[in-house]
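Structure record follows, encoded as structure tokens.
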Protein chains: 2
Amino acid sequence: MDTPISSTDAQVGSLPQPYLLFLGDTSEPAFAKTAFGLSDWAGDRCVGEWSCGATVSTGLPLLTPGEAVARGARGLVIGVANAGGFIPERWIAALIEALEAGLDLVSGMHMRLADIPQLAATATRLGRRLIDIRTPPHGIPVASGRQRSGKRLLTVGTDCALGKKYTALALARAFVARGVAADFRASGQTGILIAGGGIPMDAVVADFEAGAAELLSPAASPQHWDVIEGQGSLFHPAYAGVSLGLLHGSQPDVFVVCHEPGRRHMLGYPDFPMPSIEEVIDLTIRLGRRTNPLIRCAGVSLNTGKLEADAAQALLQAESRRLGLPVADPMRGGAAFKQLVDAALQLSSDT
Amino acid sequence: MDTPISSTDAQVGSLPQPYLLFLGDTSEPAFAKTAFGLSDWAGDRCVGEWSCGATVSTGLPLLTPGEAVARGARGLVIGVANAGGFIPERWIAALIEALEAGLDLVSGMHMRLADIPQLAATATRLGRRLIDIRTPPHGIPVASGRQRSGKRLLTVGTDCALGKKYTALALARAFVARGVAADFRASGQTGILIAGGGIPMDAVVADFEAGAAELLSPAASPQHWDVIEGQGSLFHPAYAGVSLGLLHGSQPDVFVVCHEPGRRHMLGYPDFPMPSIEEVIDLTIRLGRRTNPLIRCAGVSLNTGKLEADAAQALLQAESRRLGLPVADPMRGGAAFKQLVDAALQLSSDT
């Protein structure tokens with residue numbers, strides 16, 4: 001059995017692709033975001049999906065591990081990101097079935113595959129790999145706070161699981177399409193699987209959180225953009241510290257606030273109301289200017305996936321008028337998204 | 001060689017006391033805060049100090065490891081808390097000398113004693129213990145954000161290493177002296193060595209930071225106080241995420257701002273000016289009310305150790321008038337400190 005690779009080693013070429021996406025027994029789409037992220041942004045590297053009782057679906061063909069292997073799959077990716085990042089006992093039989101069918105296992109959970117004795121024994125017996133991508137690199141330094149060259153955009157959120165990664169991916173793609181040198185910087189397990197590298201910011205020891213963010217977007221040429229995937233929310237009762245360390249270490253010139261209209265409380269925290277977009281803008285500027293005094297908000301990304309096209313367009317326009325900022329759904333593109341991209345690139349050239 | 005114990009197991013009785021305090025080659029007193037903390041708050045458990053070229057001193061007798069063993073010492077405590085928590089190569093010979101003289105080693109650094117091959121080999125050969133107290137407990141949950149019974153006070157800071165631990169220790173002692181049920185809750189290595197338990201908050205994986213803070217001050221009887229040692233500063237470019245997770249998970253009813261007059265910039269960060277006390281009060285309330293809407297500032301603790309008594313008294317009074325709050329140096333006690341204790345206890349009974 002190979003040693004599990006760290007995220008910094010997780011180049012796309014070394015991961016066992018293509019993938020079969022495992023949905024566990026998930027009934028909440030927000031918790032299956034790893035599967036959706038891979039299906040949407042790396043669909044050419046996914047042959048299908050499988051579950052042990054999930055009620056959500058990526059729309060990919062439902063395949064058993066044996067069928068997936070017959071179609072060329074080499075790895076089963078755990079496509080679920082639950083709170084706490086644990087692998088429930090009730091998934092183990094399915095994971096063993098995947099190993100026995102010939103698939104390596106790839107996980108972005110906090111819990112390590114190799115720490116589950118049945119999986120470790122089966123993988124060793126069959127010569128399969130257990131790959132934990134939520135492993136930060138060794139030797140992360142304490143943040144220096146020093147400014148570094150290059151431009152940076154960070155996506156921030158009103159909550160978890162509402163579009164920070166998709167927004168960053170779409171912005172990075174749009175920047176490149178305009179001939180701007182840009183890299184998507186993955187800060188979570190799904191982004192790392194899509195990009196083939198990055199740092200799982202929520203798995204870093206707290207003292208080194210901002211230092212890891214400095215590593216994630218290193219000094220670059222002055223016109224280069226790092227488009228950094230945000231994590232959590234400054235208003236999240238459990239994860240705000242992750243968000244603040246990422247904000248401080250990223251030193252973003254520009255940020256985009258991501259929100260899902262209609263979400264009434266923090267996901268999984270019914271006693272915690274959502275913050276307003278204005279509150280997130282205000283607090284991000286207040287905290288972010290500690291390491292980049294020129295930080296500014298370029299606009300807002302709304303996840304309108306639950307709305308019809310007309311209703312979505314009307315909402316984007318109304319919110320843009322209300323806030324006085326570009327407001328777009330990157331997955332719908334169009335003029336609104338073009339304005340958001342314009343605003344991000346223009347703001348920075350002002351500074 | 002024993003397995004290194006975790007902080008939750010680090011009961012005073014199981015640590016190799018009394019201690020010889022090791023100062024390394026430290027020239028900055030703020031980095032020797034573990035040695036000073038033990039000397040000041042657990043002096044009856046320290047026989048002396050030793051170094052390999054340090055220019056700071058706790059005032060305890062300078063003893064070689066052999067002399068310390070002759071006076072009953074059982075453990076050498078690394079009394080230094082440098083940025084990054086590493087053990088420099090140039091200390092290794094001294095640490096080996098301590099092992100050979102008959103002392104176990106106790107460390108609160110991020111770097112593990114047992115990960116240094118020469119120390120591991122020497123300890124194994126001699127049957128000595130290598131005890132890393134900066135090891136968080138296993139199985140820390142994600143924060144729930146739920147309110148829990150009991151009262152909580154958190155010390156917060158304008159920066160690191162300026163009195164958050166001393167203030168919490170002094171307040172907890174003062175509460176008990178008034179017949180109030182109170183526990184000091186240690187969140188860092190020195191506090192853990194003093195208290196015999198606690199959680200090293202800066203060594204917790206970032207996703208679980210607020211959850212660890214919830215564990216650190218569990219539900220208690222309604223009139224019981226947890227007096228929680230703060231960490232870092234919300235304005236620190238490297239450690240603000242630790243401070244925010246601790247604030248959110250502690251859900252303090254009351255906080256006390258700790259500051260060192262005359263400090264011009266963040267320790268080790270000359271490009272980062274110190275925040276004002278008012279800024280710290282304002283930001284702590286703004287962020288803290290997310291998990292405890294009733295959070296209030298009881299007053300300010302000034303570390304006036306570098307001032308003469310008269311100058312210190314004048315400063316405490318002037319700052320109290322300026323801020324409209326009790327301002328005391330807990331190490332000087334007196335009427336000002338009594339007012340601070342009154343304010344903490346009274347504020348909470350209002351709520």
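By convention in this document, the chains of the structure tokens carry letters A, B, ... by their order, each chain's residues are numbered from 1, and ligands are numbered from 1 in the order they are shown.
Residue-level contact on chain A: within 6 Å of chain B, counting only C-alpha atoms, the set is Gly84, Val142, Ala143, Gly145, Asp202, Ala203, Val204, Val205, Ala206, Asp207, Ala210, Pro237, Ala238, Tyr239, Gly241, Val242, Leu244 and Gly245 of chain A.
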So that I can see what lies close to B:Ala114, please list as a PDB file with N, CA and C atoms, in the first residue's frame the residues with an atom at most 8 Å from it, counting only C-alpha atoms and leaving out residues fewer than 4 positions away in the same chain.
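So the final result, stored in result.pdb, reads:
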ATOM      1  N   LEU B 119      16.955  12.931  20.964  1.00  0.00           N
ATOM      2  CA  LEU B 119      16.258  12.929  22.250  1.00  0.00           C
ATOM      3  C   LEU B 119      15.515  11.609  22.451  1.00  0.00           C
ATOM      4  N   ALA B 120      14.853  11.143  21.388  1.00  0.00           N
ATOM      5  CA  ALA B 120      14.109   9.887  21.506  1.00  0.00           C
ATOM      6  C   ALA B 120      15.050   8.742  21.872  1.00  0.00           C
ATOM      7  N   LEU B 130       9.478  11.695  27.717  1.00  0.00           N
ATOM      8  CA  LEU B 130       9.399  12.907  26.893  1.00  0.00           C
ATOM      9  C   LEU B 130       7.925  13.289  26.845  1.00  0.00           C
TER      10      LEU B 130
END
Report as a PyMOL selection string all protein, DNA and RNA residues lying within 10 Å of stretch 301-314 of chain B, evaluated on only C-alpha atoms, omitting residues in the same chain fewer than 3 positions from it.
chain B and resi 155-157+162-164+166-168+256-262+298+317-320+326-332+334+336-337+340
Could you list, as a short mmCIF file (atom, residue, chain, number, x, y, z; two decimals) with N, CA, C and O atoms, in the first residue's frame, every residue within 8 Å of A:Trp50, counting only C-alpha atoms and ignoring same-chain residues fewer than 4 positions away?
data_model
loop_
_atom_site.label_atom_id
_atom_site.label_comp_id
_atom_site.auth_asym_id
_atom_site.auth_seq_id
_atom_site.Cartn_x
_atom_site.Cartn_y
_atom_site.Cartn_z
N LEU A 20 -15.22 7.10 -9.77
CA LEU A 20 -16.61 6.84 -9.42
C LEU A 20 -16.90 7.68 -8.18
O LEU A 20 -16.12 7.65 -7.21
N LEU A 21 -17.99 8.45 -8.18
CA LEU A 21 -18.32 9.34 -7.07
C LEU A 21 -19.25 8.63 -6.09
O LEU A 21 -20.31 8.14 -6.48
N PHE A 22 -18.86 8.60 -4.83
CA PHE A 22 -19.65 7.91 -3.79
C PHE A 22 -20.43 8.94 -2.97
O PHE A 22 -19.85 9.90 -2.44
N LEU A 23 -21.73 8.72 -2.88
CA LEU A 23 -22.62 9.69 -2.21
C LEU A 23 -23.05 9.24 -0.81
O LEU A 23 -23.87 9.92 -0.17
N GLY A 24 -22.53 8.11 -0.35
CA GLY A 24 -22.91 7.65 0.99
C GLY A 24 -24.41 7.46 1.10
O GLY A 24 -25.04 6.90 0.19
N LEU A 62 -25.72 5.91 -12.63
CA LEU A 62 -25.58 5.13 -11.40
C LEU A 62 -24.88 3.81 -11.76
O LEU A 62 -25.41 3.02 -12.54
N LEU A 63 -23.70 3.58 -11.20
CA LEU A 63 -22.90 2.40 -11.54
C LEU A 63 -22.45 1.71 -10.26
O LEU A 63 -22.10 2.37 -9.28
N THR A 64 -22.42 0.39 -10.28
CA THR A 64 -21.76 -0.33 -9.19
C THR A 64 -20.24 -0.19 -9.38
O THR A 64 -19.77 0.15 -10.48
N PRO A 65 -19.47 -0.47 -8.33
CA PRO A 65 -18.01 -0.40 -8.51
C PRO A 65 -17.54 -1.30 -9.66
O PRO A 65 -16.67 -0.89 -10.44
#
Can you tell me, as a compact mmCIF listing (two decimals) with N, CA, C and O atoms, in the first residue's frame, which residues in stretch 65-221 of chain B count as strand (DSSP E or B) by DSSP?
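Output below, filename states_26.txt:
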# COMPACT_ATOMS: atom_id res chain seq x y z
N GLY B 75 11.88 16.99 36.57
CA GLY B 75 11.66 17.28 35.14
C GLY B 75 12.29 18.59 34.74
O GLY B 75 12.38 19.53 35.54
N LEU B 76 12.76 18.65 33.48
CA LEU B 76 13.21 19.91 32.88
C LEU B 76 12.08 20.41 31.99
O LEU B 76 11.67 19.72 31.05
N VAL B 77 11.58 21.61 32.27
CA VAL B 77 10.53 22.21 31.45
C VAL B 77 11.16 23.20 30.48
O VAL B 77 11.91 24.09 30.91
N ILE B 78 10.88 23.03 29.19
CA ILE B 78 11.32 24.04 28.22
C ILE B 78 10.48 25.28 28.47
O ILE B 78 9.27 25.27 28.26
N ASP B 104 13.28 13.98 33.42
CA ASP B 104 12.37 13.86 32.28
C ASP B 104 12.29 15.23 31.59
O ASP B 104 12.60 16.25 32.20
N LEU B 105 11.84 15.24 30.32
CA LEU B 105 11.67 16.51 29.61
C LEU B 105 10.18 16.80 29.42
O LEU B 105 9.41 15.90 29.07
N VAL B 106 9.82 18.07 29.64
CA VAL B 106 8.44 18.51 29.45
C VAL B 106 8.46 19.69 28.49
O VAL B 106 9.19 20.66 28.72
N SER B 107 7.69 19.60 27.42
CA SER B 107 7.70 20.64 26.40
C SER B 107 6.29 21.06 26.02
O SER B 107 5.39 20.23 25.92
N LEU B 130 9.48 11.70 27.72
CA LEU B 130 9.40 12.91 26.89
C LEU B 130 7.92 13.29 26.84
O LEU B 130 7.11 12.57 26.26
N ILE B 131 7.57 14.40 27.47
CA ILE B 131 6.17 14.75 27.67
C ILE B 131 5.84 16.01 26.87
O ILE B 131 6.34 17.10 27.17
N ASP B 132 4.99 15.86 25.85
CA ASP B 132 4.56 16.99 25.02
C ASP B 132 3.17 17.40 25.46
O ASP B 132 2.19 16.71 25.18
N LYS B 151 -21.29 30.75 34.10
CA LYS B 151 -20.82 32.06 33.65
C LYS B 151 -19.37 31.93 33.17
O LYS B 151 -18.61 31.12 33.68
N ARG B 152 -19.05 32.79 32.20
CA ARG B 152 -17.71 32.72 31.61
C ARG B 152 -17.09 34.09 31.42
O ARG B 152 -17.77 35.02 30.97
N LEU B 153 -15.83 34.17 31.77
CA LEU B 153 -15.04 35.38 31.53
C LEU B 153 -13.85 34.98 30.67
O LEU B 153 -13.19 33.98 30.94
N LEU B 154 -13.59 35.75 29.62
CA LEU B 154 -12.44 35.50 28.74
C LEU B 154 -11.52 36.71 28.79
O LEU B 154 -11.99 37.84 28.69
N THR B 155 -10.22 36.47 28.93
CA THR B 155 -9.27 37.57 28.78
C THR B 155 -8.86 37.65 27.32
O THR B 155 -8.57 36.63 26.69
N VAL B 156 -8.89 38.84 26.76
CA VAL B 156 -8.50 39.05 25.36
C VAL B 156 -7.37 40.07 25.34
O VAL B 156 -7.14 40.76 26.33
N GLY B 157 -6.66 40.16 24.22
CA GLY B 157 -5.48 41.01 24.22
C GLY B 157 -5.36 41.90 23.02
O GLY B 157 -5.93 41.62 21.96
N ALA B 182 -15.16 29.14 41.04
CA ALA B 182 -14.50 29.54 39.81
C ALA B 182 -13.37 28.60 39.47
O ALA B 182 -12.70 28.08 40.36
N ASP B 183 -13.17 28.39 38.16
CA ASP B 183 -12.03 27.62 37.67
C ASP B 183 -11.28 28.43 36.64
O ASP B 183 -11.88 29.05 35.76
N PHE B 184 -9.95 28.40 36.75
CA PHE B 184 -9.09 28.91 35.69
C PHE B 184 -9.05 27.86 34.58
O PHE B 184 -8.82 26.67 34.85
N ARG B 185 -9.31 28.26 33.35
CA ARG B 185 -9.28 27.33 32.21
C ARG B 185 -8.09 27.68 31.32
O ARG B 185 -8.08 28.72 30.66
N VAL B 205 -6.64 21.55 15.30
CA VAL B 205 -6.93 21.71 13.87
C VAL B 205 -8.04 22.77 13.71
O VAL B 205 -9.03 22.77 14.44
**Request:** Using only C-alpha atoms, determine which residues lie at most 9 Å from stretch 79-82 of chain B, disregarding the query and same-chain residues fewer than 6 positions distant; provide the list as a PyMOL selection string.
**Result:** chain B and resi 21-24+26+30-38+107-109+189-190
Restrict the selected residues to all heavy atoms and save them as a compact mmCIF listing (two decimals), in the first residue's frame.
# COMPACT_ATOMS: atom_id res chain seq x y z
N LEU B 21 13.67 24.90 35.20
CA LEU B 21 13.17 25.67 34.05
C LEU B 21 14.31 25.96 33.08
O LEU B 21 15.33 26.52 33.48
CB LEU B 21 12.55 26.99 34.54
CG LEU B 21 11.44 26.85 35.58
CD1 LEU B 21 10.95 28.23 36.02
CD2 LEU B 21 10.28 26.01 35.05
N PHE B 22 14.10 25.60 31.82
CA PHE B 22 15.13 25.79 30.80
C PHE B 22 14.80 27.01 29.94
O PHE B 22 13.69 27.11 29.39
CB PHE B 22 15.21 24.53 29.92
CG PHE B 22 16.24 24.60 28.83
CD1 PHE B 22 17.59 24.70 29.14
CD2 PHE B 22 15.87 24.54 27.49
CE1 PHE B 22 18.55 24.75 28.14
CE2 PHE B 22 16.83 24.59 26.49
CZ PHE B 22 18.17 24.69 26.81
N LEU B 23 15.76 27.91 29.84
CA LEU B 23 15.53 29.18 29.13
C LEU B 23 16.16 29.21 27.74
O LEU B 23 16.11 30.25 27.06
CB LEU B 23 16.08 30.34 29.98
CG LEU B 23 15.33 30.56 31.29
CD1 LEU B 23 16.16 31.39 32.26
CD2 LEU B 23 13.99 31.24 31.03
N GLY B 24 16.76 28.11 27.31
CA GLY B 24 17.37 28.09 25.98
C GLY B 24 18.42 29.17 25.85
O GLY B 24 19.23 29.37 26.77
N THR B 26 17.46 32.42 25.06
CA THR B 26 16.49 33.49 24.85
C THR B 26 17.02 34.83 25.37
O THR B 26 17.54 34.91 26.48
CB THR B 26 15.18 33.15 25.57
OG1 THR B 26 14.77 31.86 25.16
CG2 THR B 26 14.11 34.17 25.29
N ALA B 30 9.65 38.26 26.57
CA ALA B 30 8.30 37.82 26.17
C ALA B 30 8.30 36.38 25.65
O ALA B 30 7.29 35.70 25.71
CB ALA B 30 7.74 38.76 25.11
N PHE B 31 9.43 35.92 25.12
CA PHE B 31 9.48 34.55 24.61
C PHE B 31 9.76 33.54 25.72
O PHE B 31 9.67 32.34 25.49
CB PHE B 31 10.53 34.43 23.50
CG PHE B 31 10.11 35.05 22.20
CD1 PHE B 31 11.03 35.66 21.36
CD2 PHE B 31 8.78 35.02 21.79
CE1 PHE B 31 10.65 36.24 20.16
CE2 PHE B 31 8.38 35.59 20.59
CZ PHE B 31 9.32 36.21 19.78
N ALA B 32 10.13 34.02 26.92
CA ALA B 32 10.39 33.09 28.04
C ALA B 32 9.17 33.02 28.96
O ALA B 32 9.30 32.74 30.15
CB ALA B 32 11.63 33.54 28.81
N LYS B 33 7.98 33.22 28.38
CA LYS B 33 6.81 33.39 29.25
C LYS B 33 6.42 32.11 29.96
O LYS B 33 5.80 32.17 31.03
CB LYS B 33 5.64 33.97 28.47
CG LYS B 33 5.12 33.13 27.35
CD LYS B 33 3.97 33.89 26.64
CE LYS B 33 3.37 33.02 25.55
NZ LYS B 33 2.23 33.66 24.88
N THR B 34 6.78 30.96 29.43
CA THR B 34 6.48 29.72 30.15
C THR B 34 7.28 29.65 31.44
O THR B 34 6.74 29.31 32.51
CB THR B 34 6.77 28.50 29.25
OG1 THR B 34 5.92 28.57 28.10
CG2 THR B 34 6.50 27.21 29.98
N ALA B 35 8.58 29.99 31.36
CA ALA B 35 9.41 29.99 32.57
C ALA B 35 8.90 31.01 33.59
O ALA B 35 8.76 30.70 34.78
CB ALA B 35 10.86 30.29 32.20
N PHE B 36 8.59 32.22 33.13
CA PHE B 36 8.10 33.25 34.05
C PHE B 36 6.76 32.84 34.66
O PHE B 36 6.51 33.04 35.84
CB PHE B 36 7.99 34.60 33.35
CG PHE B 36 9.32 35.25 33.10
CD1 PHE B 36 9.83 35.36 31.82
CD2 PHE B 36 10.06 35.75 34.16
CE1 PHE B 36 11.07 35.95 31.58
CE2 PHE B 36 11.30 36.34 33.94
CZ PHE B 36 11.81 36.44 32.64
N GLY B 37 5.89 32.27 33.84
CA GLY B 37 4.58 31.87 34.34
C GLY B 37 4.69 30.83 35.44
O GLY B 37 4.02 30.93 36.48
N LEU B 38 5.54 29.84 35.23
CA LEU B 38 5.70 28.80 36.25
C LEU B 38 6.36 29.38 37.50
O LEU B 38 5.96 29.06 38.63
CB LEU B 38 6.52 27.64 35.70
CG LEU B 38 5.71 26.68 34.83
CD1 LEU B 38 6.61 25.78 34.00
CD2 LEU B 38 4.77 25.84 35.71
N SER B 107 7.69 19.60 27.42
CA SER B 107 7.70 20.64 26.40
C SER B 107 6.29 21.06 26.02
O SER B 107 5.39 20.23 25.92
CB SER B 107 8.42 20.13 25.14
OG SER B 107 8.19 21.01 24.05
N GLY B 108 6.13 22.36 25.77
CA GLY B 108 4.88 22.88 25.25
C GLY B 108 5.05 23.41 23.84
O GLY B 108 4.21 24.16 23.37
N MET B 109 6.13 23.01 23.15
CA MET B 109 6.36 23.47 21.79
C MET B 109 5.47 22.69 20.82
O MET B 109 5.00 21.61 21.11
CB MET B 109 7.82 23.25 21.40
CG MET B 109 8.82 23.74 22.42
SD MET B 109 8.70 25.50 22.74
CE MET B 109 9.97 26.11 21.61
N GLN B 189 0.18 26.29 26.74
CA GLN B 189 1.04 25.32 27.39
C GLN B 189 1.43 25.73 28.81
O GLN B 189 1.46 24.91 29.73
CB GLN B 189 2.28 25.03 26.54
CG GLN B 189 3.21 26.19 26.28
CD GLN B 189 2.82 26.97 25.03
OE1 GLN B 189 1.66 26.99 24.63
NE2 GLN B 189 3.79 27.61 24.42
N THR B 190 1.72 27.02 29.01
CA THR B 190 2.14 27.44 30.35
C THR B 190 0.98 27.31 31.33
O THR B 190 1.15 26.79 32.44
CB THR B 190 2.64 28.90 30.30
OG1 THR B 190 3.61 29.01 29.27
CG2 THR B 190 3.24 29.30 31.63
message = I'd like the neighbourhood of A:Ala73 as a count of residues only, where a residue qualifies if any of its atoms comes within 12 Å (using only C-alpha atoms), though same-chain residues fewer than 4 positions away should be ignored.
response = 28
Give the alpha helix (DSSP H) residues of stretch 49-243 of chain B, as assigned by DSSP on the backbone, as a ChimeraX atom specification. /B:65-70,92-101,117-126,164-177,189-195,209-216,240-243
At a cut-off of 10 Å, using only C-alpha atoms, what residues contact B:Ser221? Leave out same-chain residues fewer than 6 positions from it and give the result as an NGL selection string. :B and (148-151 or 181)
Subject >> Selected residue of minimal separation from A:Leu126 among A:Ala172, A:Ile96, A:Val341, A:Leu113, counting only C-alpha atoms >> reply: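 Among the listed residues, the smallest separation from A:Leu126 belongs to A:Ile96.
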